[in-house]
Amino acid sequence: MKKNKLCLMKLECVFSVIFYFWITTIYAQVGIGTATPNGVLDISSSTNGIVIPNVALTSRSTSTPIVNPNGGGVPIAGTLVWNTATTGVSPNNVVPGFYYWNGSAWNSIAGDGGKNWSTTGNSGSIGGNITTAGTNFIGTTDAQNLDIRTNNNVVGRFSALGEFFIGTLNTTLTGDLSNAVSNTTFPWALNGYSSNNGSGVYGQITSGNSIFGGVQGEYNGTGVGTGTRGVFLSTTAGTGFSNCASGVQGTATASGTYKFGVYGSGGTTARSGGVFGYDSGVMGALGYYSNSGIDYSVYGFSQSHTTGSGTGKISNSSSLEKNTNIGLGIYGGVMGGWVRGMKYGFHTKGETYSLYIDGNGYTNKPLAFLINTNDQKKVVSFMNTSLHPEVSLNGKTNLNNGKIFIAFEKSFSQIISNIDDVIITATPQGKSNGVYIDNITKEGFWIY
């Protein structure tokens, strides 16, 4: 009887062991430090942690020295290690930290290079100096662009070539290192503002022989615009012509020839020029090509001359005010002006008079007159000359009963200061026994 009881107890023990392993195989849960594991492996400790295998990786692209325990090949994806080495060449270099194998390369849990950038800022990074690039950076380690997005829209790009774009994904013109492109919401592509003793936008050509400027402006639209536009909005007045307020200012004071503060080129089509000035209807141009096909170095015109032929008064005015604008005004030092032409030196024309000289007039050549003939030709005649100033009058008359009184014009009488300076010559035409002059006064004289 005792023998049978013993066998029954042994059978119960074997059954209990078999039942326990059957339960374990079904659930495959292991608890270390806990009797109620919540996963395949549940490790619980308040004083110790897990030590992942410490290895010295050689490169992100090489699985060694880790091998698959089943056959010795590459590890399976998800294999985790703690790397202890700092080695390799970017972008496959490794630094100490956790790495997992993704099937073809080691990826750092802390990010490529061993450190992520925080959205709340970073500290301890090596940013480099003015001559050396930093060890830590935001960017790529291969030939890929770096985009900046807001609301998942690309608003900026650092290209793989080192260019920087705002509002676009590529360069507008070949050679742009940085460019900004506007849109309908923001029509101004790039603006600069300064409330200090500086400039809103500054550019400088520091060396080389570039034909472009420190700040380059070009207009390629379909409206009437400008390549570069300057507007003076301040109410502060200038203090003189050497310190004047201006929309655009140019300075070229360094030594050397053929230098100008402002340069303009134009005049290839009618009514165009190099530089244009405008002031309340009074206009002037430098390097001007007129509608008549004539090139002018300096050309001035007002509102009444906008079409090339003036009317003597402002054409768009309802009143009959005279146009008092002056086409050209020049102040000089020793000489007010100097004009030289290959054929003609100076040509003037006016309704009242074409040329007014306020002072002595000098010429080293005879003064000539061009007189129109009946056959539409011109005959040249020359003015009499004298070694001292003279005013002369001439005329033609007939004697009445052997005599005639010739009255001076009022304007001539008013300039006579000494009657003895008046010289009168009378030459008879036809047969004559001779004539003589007598009784000369400021009012006139008698011929007998």
# chains A, B, ... in the order shown; residues from 1 in each chain; ligands from 1
>>> select_by_dssp(residues="region 120-157 of chain A", states="strand (DSSP E)", output="NGL selection string")
:A and (146-150 or 153-157)
>>> write_last_selection(atoms="all heavy atoms", output="short mmCIF file (atom, residue, chain, number, x, y, z; two decimals), in the first residue's frame")
data_model
loop_
_atom_site.label_atom_id
_atom_site.label_comp_id
_atom_site.auth_asym_id
_atom_site.auth_seq_id
_atom_site.Cartn_x
_atom_site.Cartn_y
_atom_site.Cartn_z
N LEU A 146 19.39 71.64 -48.31
CA LEU A 146 18.78 71.75 -46.99
C LEU A 146 17.65 72.76 -47.09
O LEU A 146 17.88 73.94 -47.36
CB LEU A 146 19.82 72.21 -45.96
CG LEU A 146 19.28 72.47 -44.55
CD1 LEU A 146 18.74 71.18 -43.93
CD2 LEU A 146 20.35 73.08 -43.67
N ASP A 147 16.41 72.30 -46.89
CA ASP A 147 15.24 73.15 -47.02
C ASP A 147 14.75 73.62 -45.66
O ASP A 147 14.85 72.90 -44.66
CB ASP A 147 14.09 72.41 -47.72
CG ASP A 147 14.39 72.20 -49.20
OD1 ASP A 147 15.28 72.89 -49.73
OD2 ASP A 147 13.73 71.33 -49.81
N ILE A 148 14.20 74.83 -45.64
CA ILE A 148 13.55 75.39 -44.45
C ILE A 148 12.07 75.51 -44.75
O ILE A 148 11.68 76.10 -45.77
CB ILE A 148 14.14 76.77 -44.11
CG1 ILE A 148 15.64 76.67 -43.87
CG2 ILE A 148 13.45 77.37 -42.88
CD1 ILE A 148 16.31 78.01 -43.68
N ARG A 149 11.25 74.95 -43.89
CA ARG A 149 9.81 74.91 -44.14
C ARG A 149 9.03 75.54 -42.99
O ARG A 149 9.43 75.46 -41.84
CB ARG A 149 9.33 73.47 -44.32
CG ARG A 149 9.90 72.75 -45.53
CD ARG A 149 9.17 71.47 -45.79
NE ARG A 149 9.69 70.76 -46.94
CZ ARG A 149 8.99 69.92 -47.69
NH1 ARG A 149 7.72 69.69 -47.38
NH2 ARG A 149 9.53 69.31 -48.73
N THR A 150 7.89 76.14 -43.35
CA THR A 150 6.87 76.55 -42.40
C THR A 150 5.53 76.13 -42.98
O THR A 150 5.29 76.29 -44.18
CB THR A 150 6.88 78.08 -42.17
OG1 THR A 150 6.65 78.75 -43.39
CG2 THR A 150 8.21 78.53 -41.58
N ASN A 153 5.55 74.20 -46.14
CA ASN A 153 5.90 74.83 -47.40
C ASN A 153 7.35 75.31 -47.35
O ASN A 153 7.78 75.90 -46.36
CB ASN A 153 4.98 76.04 -47.68
CG ASN A 153 3.54 75.63 -47.88
OD1 ASN A 153 3.24 74.65 -48.55
ND2 ASN A 153 2.62 76.40 -47.30
N VAL A 154 8.09 75.05 -48.40
CA VAL A 154 9.49 75.46 -48.44
C VAL A 154 9.55 76.98 -48.59
O VAL A 154 9.03 77.54 -49.55
CB VAL A 154 10.23 74.78 -49.61
CG1 VAL A 154 11.67 75.28 -49.69
CG2 VAL A 154 10.21 73.26 -49.44
N VAL A 155 10.17 77.64 -47.62
CA VAL A 155 10.32 79.10 -47.66
C VAL A 155 11.77 79.52 -47.85
O VAL A 155 12.04 80.69 -48.11
CB VAL A 155 9.76 79.73 -46.37
CG1 VAL A 155 8.26 79.49 -46.27
CG2 VAL A 155 10.46 79.17 -45.14
N GLY A 156 12.68 78.58 -47.74
CA GLY A 156 14.09 78.89 -47.93
C GLY A 156 14.87 77.63 -48.24
O GLY A 156 14.44 76.52 -47.92
N ARG A 157 16.01 77.80 -48.89
CA ARG A 157 16.83 76.64 -49.23
C ARG A 157 18.31 77.01 -49.24
O ARG A 157 18.69 78.04 -49.81
CB ARG A 157 16.43 76.08 -50.60
CG ARG A 157 17.45 75.11 -51.20
CD ARG A 157 16.96 74.44 -52.46
NE ARG A 157 15.94 73.43 -52.16
CZ ARG A 157 15.39 72.64 -53.07
NH1 ARG A 157 15.76 72.75 -54.35
NH2 ARG A 157 14.48 71.75 -52.73
#
>>> select_by_dssp(residues="region 6-253 of chain A", states="helix (DSSP H, G or I)", output="PyMOL selection string")
chain A and resi 6-27+112-114
>>> residues_around(residues="region 394-400 of chain A", least_positions_apart="3", cutoff="12 Å", atoms="only C-alpha atoms", output="PyMOL selection string")
chain A and resi 391+403-409+412+423-430+432+435-436+446-448
>>> atom_distance(atom1="CA of Gln204 (chain A)", atom2="CA of Ala252 (chain A)")
13.9 Å
>>> residues_around(residues="Phe382 (chain A)", least_positions_apart="5", cutoff="12 Å", atoms="only C-alpha atoms", output="list in words")
Lys365, Pro366, Leu367, Ala368, Phe369, Leu370 and Ile371 of chain A
>>> residues_around(residues="Gly277 (chain A)", least_positions_apart="3", cutoff="10 Å", atoms="only C-alpha atoms", output="ChimeraX atom specification")
/A:282-286,300
>>> write_last_selection(atoms="N, CA, C and O atoms", output="PDB file, in the first residue's frame")
ATOM      1  N   VAL A 282      10.165 121.509 -66.081  1.00  0.00           N
ATOM      2  CA  VAL A 282      11.436 121.865 -66.688  1.00  0.00           C
ATOM      3  C   VAL A 282      12.304 120.623 -66.732  1.00  0.00           C
ATOM      4  O   VAL A 282      12.528 119.981 -65.713  1.00  0.00           O
ATOM      5  N   MET A 283      12.782 120.264 -67.903  1.00  0.00           N
ATOM      6  CA  MET A 283      13.499 119.009 -68.078  1.00  0.00           C
ATOM      7  C   MET A 283      14.818 119.230 -68.792  1.00  0.00           C
ATOM      8  O   MET A 283      14.992 120.193 -69.538  1.00  0.00           O
ATOM      9  N   GLY A 284      15.739 118.322 -68.553  1.00  0.00           N
ATOM     10  CA  GLY A 284      17.023 118.370 -69.233  1.00  0.00           C
ATOM     11  C   GLY A 284      17.616 116.977 -69.312  1.00  0.00           C
ATOM     12  O   GLY A 284      17.320 116.108 -68.494  1.00  0.00           O
ATOM     13  N   ALA A 285      18.433 116.750 -70.327  1.00  0.00           N
ATOM     14  CA  ALA A 285      19.012 115.424 -70.536  1.00  0.00           C
ATOM     15  C   ALA A 285      20.474 115.557 -70.914  1.00  0.00           C
ATOM     16  O   ALA A 285      20.900 116.536 -71.535  1.00  0.00           O
ATOM     17  N   LEU A 286      21.242 114.550 -70.542  1.00  0.00           N
ATOM     18  CA  LEU A 286      22.636 114.423 -70.950  1.00  0.00           C
ATOM     19  C   LEU A 286      22.745 113.216 -71.879  1.00  0.00           C
ATOM     20  O   LEU A 286      22.222 112.147 -71.576  1.00  0.00           O
ATOM     21  N   GLY A 300      18.033 120.693 -73.157  1.00  0.00           N
ATOM     22  CA  GLY A 300      17.073 121.172 -72.172  1.00  0.00           C
ATOM     23  C   GLY A 300      15.763 121.517 -72.834  1.00  0.00           C
ATOM     24  O   GLY A 300      15.735 122.081 -73.925  1.00  0.00           O
TER      25      GLY A 300
END
>>> decode(residues="region 254-268 of chain A", atoms="N, CA and C atoms", output="PDB file, in the first residue's frame")
ATOM      1  N   ALA A 254      38.417 109.369 -55.693  1.00  0.00           N
ATOM      2  CA  ALA A 254      39.759 108.796 -55.673  1.00  0.00           C
ATOM      3  C   ALA A 254      40.518 109.199 -56.933  1.00  0.00           C
ATOM      4  N   SER A 255      41.843 109.117 -56.879  1.00  0.00           N
ATOM      5  CA  SER A 255      42.655 109.537 -58.012  1.00  0.00           C
ATOM      6  C   SER A 255      42.448 108.609 -59.204  1.00  0.00           C
ATOM      7  N   GLY A 256      42.717 109.141 -60.393  1.00  0.00           N
ATOM      8  CA  GLY A 256      42.537 108.356 -61.607  1.00  0.00           C
ATOM      9  C   GLY A 256      41.699 109.101 -62.625  1.00  0.00           C
ATOM     10  N   THR A 257      41.812 108.700 -63.869  1.00  0.00           N
ATOM     11  CA  THR A 257      41.084 109.366 -64.942  1.00  0.00           C
ATOM     12  C   THR A 257      39.828 108.590 -65.329  1.00  0.00           C
ATOM     13  N   TYR A 258      38.972 109.263 -66.107  1.00  0.00           N
ATOM     14  CA  TYR A 258      37.722 108.678 -66.603  1.00  0.00           C
ATOM     15  C   TYR A 258      36.878 108.094 -65.471  1.00  0.00           C
ATOM     16  N   LYS A 259      36.597 108.911 -64.473  1.00  0.00           N
ATOM     17  CA  LYS A 259      35.769 108.485 -63.346  1.00  0.00           C
ATOM     18  C   LYS A 259      34.660 109.507 -63.129  1.00  0.00           C
ATOM     19  N   PHE A 260      33.459 109.024 -62.864  1.00  0.00           N
ATOM     20  CA  PHE A 260      32.304 109.880 -62.674  1.00  0.00           C
ATOM     21  C   PHE A 260      31.480 109.354 -61.505  1.00  0.00           C
ATOM     22  N   GLY A 261      30.894 110.287 -60.756  1.00  0.00           N
ATOM     23  CA  GLY A 261      30.047 109.881 -59.652  1.00  0.00           C
ATOM     24  C   GLY A 261      28.791 109.169 -60.111  1.00  0.00           C
ATOM     25  N   VAL A 262      28.192 109.626 -61.206  1.00  0.00           N
ATOM     26  CA  VAL A 262      26.995 109.000 -61.771  1.00  0.00           C
ATOM     27  C   VAL A 262      27.211 108.840 -63.262  1.00  0.00           C
ATOM     28  N   TYR A 263      26.905 107.666 -63.778  1.00  0.00           N
ATOM     29  CA  TYR A 263      27.085 107.381 -65.202  1.00  0.00           C
ATOM     30  C   TYR A 263      25.773 106.874 -65.771  1.00  0.00           C
ATOM     31  N   GLY A 264      25.408 107.412 -66.928  1.00  0.00           N
ATOM     32  CA  GLY A 264      24.192 106.961 -67.595  1.00  0.00           C
ATOM     33  C   GLY A 264      24.452 106.734 -69.058  1.00  0.00           C
ATOM     34  N   SER A 265      23.863 105.710 -69.620  1.00  0.00           N
ATOM     35  CA  SER A 265      24.047 105.385 -71.034  1.00  0.00           C
ATOM     36  C   SER A 265      22.691 105.160 -71.676  1.00  0.00           C
ATOM     37  N   GLY A 266      22.451 105.774 -72.805  1.00  0.00           N
ATOM     38  CA  GLY A 266      21.169 105.626 -73.491  1.00  0.00           C
ATOM     39  C   GLY A 266      21.253 106.273 -74.855  1.00  0.00           C
ATOM     40  N   GLY A 267      20.127 106.739 -75.347  1.00  0.00           N
ATOM     41  CA  GLY A 267      20.119 107.460 -76.603  1.00  0.00           C
ATOM     42  C   GLY A 267      20.179 106.605 -77.845  1.00  0.00           C
ATOM     43  N   THR A 268      19.809 105.339 -77.764  1.00  0.00           N
ATOM     44  CA  THR A 268      19.811 104.489 -78.959  1.00  0.00           C
ATOM     45  C   THR A 268      18.493 104.558 -79.712  1.00  0.00           C
TER      46      THR A 268
END
